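A short worksheet on the structure shown next.
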Amino acid sequence: MQDLTVGEPAFGGPQRLLSREELYDLVWQTPMSQLAKRFGLSDVGLKKVCRKHDIPTPPLGYWAKRAHGKRVFQPQLPATKGPQKLVLSVVPLAVEQPELQAEQAKALKRASEFPPIQVPSDQPANLHPVAVRTAKALRAAKVDQHGLKRVSEPGAVAVVVGNASVDRVLRIIHAFAAASEKRGFSLTEHPEGVQVLVEGTPVLWQLKETTDQTPHVPTKEELNWLARREADRAKYPYLYSSRSEGPVFRSWDQVLSGRLSMTLRDPSAPRWGRKDLIGHWCDRRNKLLEDYLDQAMATLATGALAIRHRHAEESEKERQRLEDLERQRLERARRDRAEKRRHFLFTKADEHERYRKLVALAEFLEQNREQESLGQETRLLRELREITGAMRRDLDLAAMNAEADRLQLYADETLPAKEPE
């Protein structure tokens, strides 16, 4: 993907101009779920793009067969009369981290060694403790206007679900929690629910039932209220303005779909821009959420590794930032001391000049002194000698060095060495 021609910038980021052949090669080289992220799309969205441009995509199970050395079939790219070029927005790639990629590959290999996660068809007699706490929280939760119960409390998985899907949600929680513990992960409380600890790295776990939007059908109570209002309008028209003639009831209703989704999030990352999203799976037309649990478990392991590496990078950046701040502080202190030393020497130079002038004055007065009877002149000479004597002692090199040490004009000038970039 590094050699593709860059197209014109567009809203939301740069774009790349791809030929059908280039996208065809990419689709058959990289799993759709991974490749789609490069274009800011879901795997379904990228499949739609390929279908629109008549580009065949790998069938279900293709990558698993290929990974186990089985024979796979790759159809040829068919000819088309449509456009031969297509433009896709590109999500910037993170800096390649060979160490992280190697660790994630090991995590995926370990995940493949466990048997597939099986969700029981009936609720087990002994539910996993996390599922028990979630069931208790769901029983206590009230149904909102859309028929949903919302659970978001420590110890129970964060769930938004309708009553009809509660049993299924609990069975999924039971199976996924048990499978997590078999893999050495632990489940701990989070202020918003339950988090899975993967070698000490927390990942927030959430389940949700989606809703569909249907046109609102006024209820009998709403129709009766509307009839009364219209009767009042006809009887008291002066009480109603033309602005009150708009829609009376909501246009749409949110109804439960029965479709479930599961999300894994990084609780330490900001939620804006979906920067906290590790993985999201949901019921599809030909595949249920239960069929994605193994993929979710593998993503849980690799996502936790990515979180740890991000934290290590952030810690290193913070260390470098603090080190740079300390270096800047020491550099400012060094400059301040240099300025103080210059000021100190300039001051001593001025004092030395005054000393010389006073010594010259004393010599002049001594040479031109008249009789001892001139007491005033003698007192002036005595004071001059006292002043010049004190100044001479202050201008002594040892005295100046002692004063410089007292003022810390030559404190430690060593700065931390800056690491090469």
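Ligands are numbered from 1 in the order shown, chains are lettered A, B, ... in the order of the structure tokens, and residues start at 1 in each chain.
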| message | Write out as JSON, numbers by chain the set of residues from segment 88-183 of chain A that DSSP, computed on the backbone, places in alpha helix (DSSP H). | response | {"A": [98, 99, 100, 101, 102, 103, 104, 105, 106, 107, 108, 109, 110, 111, 112, 129, 130, 131, 132, 133, 134, 135, 136, 137, 138, 139, 140, 166, 167, 168, 169, 170, 171, 172, 173, 174, 175, 176, 177, 178, 179, 180, 181, 182]}
Please write the residues from the selection above to a file, keeping N, CA and C atoms, as a tab-separated table (two decimals), in the first residue's frame.
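Wrote out_9.tsv, looks like this:
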```tsv
chain	number	residue	atom	x	y	z
A	98	PRO	N	7.66	-3.75	14.86
A	98	PRO	CA	7.92	-5.19	14.68
A	98	PRO	C	7.78	-5.97	15.98
A	99	GLU	N	8.23	-5.39	17.09
A	99	GLU	CA	8.15	-6.10	18.36
A	99	GLU	C	6.69	-6.37	18.74
A	100	LEU	N	5.83	-5.35	18.58
A	100	LEU	CA	4.41	-5.52	18.88
A	100	LEU	C	3.78	-6.55	17.95
A	101	GLN	N	4.11	-6.46	16.66
A	101	GLN	CA	3.54	-7.41	15.71
A	101	GLN	C	3.95	-8.84	16.04
A	102	ALA	N	5.19	-9.02	16.47
A	102	ALA	CA	5.65	-10.37	16.83
A	102	ALA	C	4.90	-10.88	18.06
A	103	GLU	N	4.70	-10.01	19.05
A	103	GLU	CA	3.98	-10.42	20.26
A	103	GLU	C	2.52	-10.73	19.93
A	104	GLN	N	1.92	-9.93	19.05
A	104	GLN	CA	0.53	-10.19	18.68
A	104	GLN	C	0.40	-11.51	17.91
A	105	ALA	N	1.39	-11.79	17.08
A	105	ALA	CA	1.36	-13.07	16.35
A	105	ALA	C	1.41	-14.25	17.33
A	106	LYS	N	2.24	-14.13	18.37
A	106	LYS	CA	2.30	-15.18	19.39
A	106	LYS	C	0.97	-15.31	20.13
A	107	ALA	N	0.35	-14.14	20.43
A	107	ALA	CA	-0.94	-14.16	21.14
A	107	ALA	C	-2.01	-14.84	20.28
A	108	LEU	N	-2.00	-14.57	19.00
A	108	LEU	CA	-2.98	-15.21	18.10
A	108	LEU	C	-2.74	-16.72	18.03
A	109	LYS	N	-1.48	-17.10	18.04
A	109	LYS	CA	-1.17	-18.53	18.00
A	109	LYS	C	-1.67	-19.21	19.27
A	110	ARG	N	-1.45	-18.56	20.44
A	110	ARG	CA	-1.93	-19.14	21.70
A	110	ARG	C	-3.45	-19.22	21.71
A	111	ALA	N	-4.11	-18.19	21.15
A	111	ALA	CA	-5.58	-18.20	21.13
A	111	ALA	C	-6.12	-19.34	20.28
A	112	SER	N	-5.39	-19.68	19.22
A	112	SER	CA	-5.87	-20.76	18.34
A	112	SER	C	-5.73	-22.14	18.98
A	129	PRO	N	-20.24	-16.19	37.97
A	129	PRO	CA	-20.56	-15.12	38.93
A	129	PRO	C	-20.80	-13.76	38.29
A	130	VAL	N	-20.06	-13.44	37.23
A	130	VAL	CA	-20.26	-12.15	36.55
A	130	VAL	C	-21.64	-12.12	35.91
A	131	ALA	N	-22.05	-13.24	35.31
A	131	ALA	CA	-23.39	-13.31	34.71
A	131	ALA	C	-24.46	-13.22	35.79
A	132	VAL	N	-24.22	-13.81	36.97
A	132	VAL	CA	-25.18	-13.74	38.07
A	132	VAL	C	-25.35	-12.28	38.52
A	133	ARG	N	-24.24	-11.56	38.69
A	133	ARG	CA	-24.35	-10.16	39.11
A	133	ARG	C	-25.04	-9.32	38.05
A	134	THR	N	-24.77	-9.62	36.79
A	134	THR	CA	-25.43	-8.88	35.70
A	134	THR	C	-26.93	-9.17	35.69
A	135	ALA	N	-27.30	-10.43	35.92
A	135	ALA	CA	-28.73	-10.79	35.96
A	135	ALA	C	-29.43	-10.06	37.09
A	136	LYS	N	-28.78	-9.98	38.25
A	136	LYS	CA	-29.37	-9.27	39.39
A	136	LYS	C	-29.56	-7.80	39.08
A	137	ALA	N	-28.56	-7.18	38.44
A	137	ALA	CA	-28.67	-5.77	38.08
A	137	ALA	C	-29.76	-5.54	37.05
A	138	LEU	N	-29.92	-6.47	36.11
A	138	LEU	CA	-30.97	-6.33	35.09
A	138	LEU	C	-32.36	-6.45	35.72
A	139	ARG	N	-32.51	-7.34	36.69
A	139	ARG	CA	-33.82	-7.46	37.36
A	139	ARG	C	-34.19	-6.17	38.08
A	140	ALA	N	-33.19	-5.49	38.62
A	140	ALA	CA	-33.46	-4.26	39.36
A	140	ALA	C	-33.62	-3.05	38.45
A	166	VAL	N	-32.63	-10.83	27.33
A	166	VAL	CA	-31.85	-10.96	28.56
A	166	VAL	C	-31.24	-12.34	28.69
A	167	ASP	N	-32.02	-13.38	28.45
A	167	ASP	CA	-31.51	-14.75	28.61
A	167	ASP	C	-30.32	-15.00	27.69
A	168	ARG	N	-30.43	-14.55	26.45
A	168	ARG	CA	-29.34	-14.75	25.48
A	168	ARG	C	-28.09	-13.98	25.91
A	169	VAL	N	-28.27	-12.75	26.36
A	169	VAL	CA	-27.14	-11.93	26.81
A	169	VAL	C	-26.41	-12.62	27.97
A	170	LEU	N	-27.17	-13.16	28.92
A	170	LEU	CA	-26.55	-13.81	30.07
A	170	LEU	C	-25.78	-15.06	29.65
A	171	ARG	N	-26.28	-15.79	28.67
A	171	ARG	CA	-25.57	-16.98	28.21
A	171	ARG	C	-24.26	-16.59	27.51
A	172	ILE	N	-24.29	-15.50	26.75
A	172	ILE	CA	-23.06	-15.02	26.09
A	172	ILE	C	-22.05	-14.56	27.14
A	173	ILE	N	-22.52	-13.82	28.15
A	173	ILE	CA	-21.63	-13.37	29.22
A	173	ILE	C	-21.02	-14.56	29.94
A	174	HIS	N	-21.85	-15.57	30.23
A	174	HIS	CA	-21.36	-16.77	30.91
A	174	HIS	C	-20.25	-17.44	30.10
A	175	ALA	N	-20.48	-17.62	28.79
A	175	ALA	CA	-19.52	-18.32	27.95
A	175	ALA	C	-18.23	-17.51	27.78
A	176	PHE	N	-18.35	-16.23	27.56
A	176	PHE	CA	-17.17	-15.40	27.31
A	176	PHE	C	-16.35	-15.22	28.59
A	177	ALA	N	-17.04	-15.08	29.73
A	177	ALA	CA	-16.32	-14.94	31.00
A	177	ALA	C	-15.56	-16.21	31.34
A	178	ALA	N	-16.22	-17.35	31.17
A	178	ALA	CA	-15.55	-18.63	31.46
A	178	ALA	C	-14.37	-18.85	30.54
A	179	ALA	N	-14.53	-18.52	29.25
A	179	ALA	CA	-13.43	-18.69	28.30
A	179	ALA	C	-12.27	-17.75	28.63
A	180	SER	N	-12.58	-16.56	29.11
A	180	SER	CA	-11.52	-15.61	29.49
A	180	SER	C	-10.67	-16.17	30.62
A	181	GLU	N	-11.32	-16.74	31.61
A	181	GLU	CA	-10.58	-17.29	32.75
A	181	GLU	C	-9.77	-18.52	32.36
A	182	LYS	N	-10.27	-19.32	31.41
A	182	LYS	CA	-9.51	-20.48	30.95
A	182	LYS	C	-8.21	-20.05	30.29
```
Rows by chain and residue number, segment 239-344 of chain A within 7 Å of segment 187-205 of chain A, shortest pair, only C-alpha atoms, as JSON lines:
```
{"residue": "A:Thr263", "atom": "CA", "partner": "A:Trp205", "partner_atom": "CA", "distance": 6.1}
{"residue": "A:Leu264", "atom": "CA", "partner": "A:Trp205", "partner_atom": "CA", "distance": 5.0}
{"residue": "A:Arg265", "atom": "CA", "partner": "A:Leu204", "partner_atom": "CA", "distance": 5.0}
{"residue": "A:Asp266", "atom": "CA", "partner": "A:Val203", "partner_atom": "CA", "distance": 5.3}
{"residue": "A:Pro267", "atom": "CA", "partner": "A:Leu204", "partner_atom": "CA", "distance": 6.0}
{"residue": "A:Ala301", "atom": "CA", "partner": "A:Val198", "partner_atom": "CA", "distance": 6.7}
{"residue": "A:Ala304", "atom": "CA", "partner": "A:Thr201", "partner_atom": "CA", "distance": 5.9}
{"residue": "A:Arg308", "atom": "CA", "partner": "A:Thr201", "partner_atom": "CA", "distance": 6.9}
```
Exercise. Please report, as a PyMOL selection string, each residue of segment 74-217 of chain A to which DSSP assigns strand (DSSP E) when run on this structure's backbone.
Key: chain A and resi 85-89+148-151+158-162+186-190+193-198+201-215
Using N, CA and C atoms, can you write the selected residues to a file as a CSV table (one decimal), in the first residue's frame?
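Output (again00.csv):
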```csv
chain,number,residue,atom,x,y,z
A,85,LYS,N,-10.5,3.0,-12.1
A,85,LYS,CA,-9.9,3.7,-10.9
A,85,LYS,C,-10.9,4.0,-9.9
A,86,LEU,N,-10.5,3.9,-8.6
A,86,LEU,CA,-11.4,4.3,-7.5
A,86,LEU,C,-10.6,5.0,-6.5
A,87,VAL,N,-11.3,5.9,-5.8
A,87,VAL,CA,-10.6,6.8,-4.8
A,87,VAL,C,-11.1,6.4,-3.4
A,88,LEU,N,-10.2,6.0,-2.5
A,88,LEU,CA,-10.6,5.7,-1.1
A,88,LEU,C,-9.8,6.6,-0.1
A,89,SER,N,-10.5,7.1,0.9
A,89,SER,CA,-9.8,7.8,2.0
A,89,SER,C,-9.0,6.8,2.7
A,148,LEU,N,-35.8,-0.7,26.8
A,148,LEU,CA,-34.5,-1.2,27.1
A,148,LEU,C,-34.2,-1.0,28.6
A,149,LYS,N,-33.4,-2.0,29.1
A,149,LYS,CA,-32.9,-1.9,30.5
A,149,LYS,C,-31.4,-1.6,30.4
A,150,ARG,N,-30.9,-0.7,31.2
A,150,ARG,CA,-29.5,-0.2,31.1
A,150,ARG,C,-28.8,-0.6,32.4
A,151,VAL,N,-27.7,-1.3,32.3
A,151,VAL,CA,-26.9,-1.6,33.5
A,151,VAL,C,-25.5,-1.0,33.3
A,158,ALA,N,-21.5,-4.1,31.6
A,158,ALA,CA,-22.3,-2.9,31.0
A,158,ALA,C,-23.2,-3.5,29.9
A,159,VAL,N,-24.5,-3.4,30.1
A,159,VAL,CA,-25.5,-4.0,29.2
A,159,VAL,C,-26.6,-3.0,28.9
A,160,VAL,N,-27.1,-2.9,27.7
A,160,VAL,CA,-28.3,-2.2,27.3
A,160,VAL,C,-29.1,-3.2,26.5
A,161,VAL,N,-30.2,-3.7,27.0
A,161,VAL,CA,-30.9,-4.8,26.4
A,161,VAL,C,-32.4,-4.8,26.7
A,162,GLY,N,-33.2,-5.4,25.9
A,162,GLY,CA,-34.6,-5.5,26.1
A,162,GLY,C,-34.9,-6.9,26.9
A,186,SER,N,-8.4,-12.4,33.9
A,186,SER,CA,-9.3,-12.3,35.1
A,186,SER,C,-10.3,-11.2,34.9
A,187,LEU,N,-11.4,-11.2,35.6
A,187,LEU,CA,-12.5,-10.3,35.5
A,187,LEU,C,-12.6,-9.4,36.8
A,188,THR,N,-12.5,-8.1,36.6
A,188,THR,CA,-12.5,-7.2,37.8
A,188,THR,C,-13.5,-6.1,37.6
A,189,GLU,N,-13.8,-5.5,38.7
A,189,GLU,CA,-14.8,-4.4,38.7
A,189,GLU,C,-14.2,-3.2,38.0
A,190,HIS,N,-15.1,-2.4,37.4
A,190,HIS,CA,-14.8,-1.1,36.8
A,190,HIS,C,-16.0,-0.2,37.2
A,193,GLY,N,-18.7,-1.1,35.0
A,193,GLY,CA,-19.1,-2.4,34.8
A,193,GLY,C,-18.1,-3.4,35.1
A,194,VAL,N,-17.6,-4.2,34.1
A,194,VAL,CA,-16.6,-5.2,34.3
A,194,VAL,C,-15.5,-5.0,33.2
A,195,GLN,N,-14.3,-5.2,33.7
A,195,GLN,CA,-13.2,-5.2,32.7
A,195,GLN,C,-12.4,-6.5,32.8
A,196,VAL,N,-11.9,-6.9,31.6
A,196,VAL,CA,-11.1,-8.1,31.5
A,196,VAL,C,-9.6,-7.7,31.7
A,197,LEU,N,-8.9,-8.3,32.6
A,197,LEU,CA,-7.5,-8.1,32.8
A,197,LEU,C,-6.7,-9.1,32.0
A,198,VAL,N,-6.0,-8.6,31.0
A,198,VAL,CA,-5.1,-9.5,30.2
A,198,VAL,C,-3.7,-9.2,30.6
A,201,THR,N,-3.5,-5.8,32.0
A,201,THR,CA,-4.0,-4.7,31.2
A,201,THR,C,-5.5,-4.8,31.1
A,202,PRO,N,-6.3,-3.7,31.6
A,202,PRO,CA,-7.7,-3.8,31.6
A,202,PRO,C,-8.4,-3.5,30.2
A,203,VAL,N,-9.4,-4.2,29.9
A,203,VAL,CA,-10.2,-4.0,28.7
A,203,VAL,C,-11.7,-4.0,29.1
A,204,LEU,N,-12.4,-2.9,28.8
A,204,LEU,CA,-13.8,-2.8,29.2
A,204,LEU,C,-14.7,-3.6,28.3
A,205,TRP,N,-15.6,-4.2,28.9
A,205,TRP,CA,-16.5,-5.2,28.1
A,205,TRP,C,-17.9,-4.7,28.2
A,206,GLN,N,-18.6,-4.6,27.0
A,206,GLN,CA,-20.0,-4.0,26.9
A,206,GLN,C,-20.8,-4.8,25.9
A,207,LEU,N,-22.1,-5.0,26.2
A,207,LEU,CA,-23.1,-5.6,25.4
A,207,LEU,C,-24.3,-4.7,25.2
A,208,LYS,N,-24.8,-4.8,24.0
A,208,LYS,CA,-25.9,-3.8,23.7
A,208,LYS,C,-26.9,-4.5,22.6
A,209,GLU,N,-28.2,-4.2,22.8
A,209,GLU,CA,-29.2,-4.5,21.8
A,209,GLU,C,-29.5,-3.3,21.0
A,210,THR,N,-29.4,-3.4,19.7
A,210,THR,CA,-29.7,-2.3,18.8
A,210,THR,C,-31.2,-2.1,18.7
A,211,THR,N,-31.6,-0.9,18.2
A,211,THR,CA,-33.0,-0.6,18.0
A,211,THR,C,-33.2,-0.3,16.5
A,212,ASP,N,-34.4,-0.5,16.0
A,212,ASP,CA,-34.8,-0.1,14.7
A,212,ASP,C,-35.8,1.2,14.8
A,213,GLN,N,-35.8,1.9,13.7
A,213,GLN,CA,-36.6,3.1,13.7
A,213,GLN,C,-37.8,2.9,12.8
A,214,THR,N,-39.0,3.1,13.4
A,214,THR,CA,-40.3,2.9,12.6
A,214,THR,C,-41.1,4.1,12.8
A,215,PRO,N,-42.0,4.4,11.8
A,215,PRO,CA,-42.9,5.5,11.9
A,215,PRO,C,-43.8,5.4,13.1
```
Exercise for review: For segment 67-84 of chain A, please output as a PyMOL selection string all residues within 9 Å (counting only C-alpha atoms; exclusion window: fewer than 5 positions along the same chain).
Suggested key: chain A and resi 18-21+24+28+53-58+62
Could you please determine the separation between atom CA of His216 of chain A and atom CA of Asp283 of chain A in Å, to one decimal place?
->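 If I compute the distance from atom CA of His216 of chain A to atom CA of Asp283 of chain A, I get 25.4 Å.
Across A:Leu384, A:Ala312, A:Ile307, A:Ala402, the tightest approach to Leu277 of chain A is made by A:Ile307 when counting only C-alpha atoms.
Checking A:Leu365, A:Gly279, A:Lys287, A:Phe249 one by one against Thr302 of chain A, counting only C-alpha atoms, you find the shortest gap at A:Gly279.
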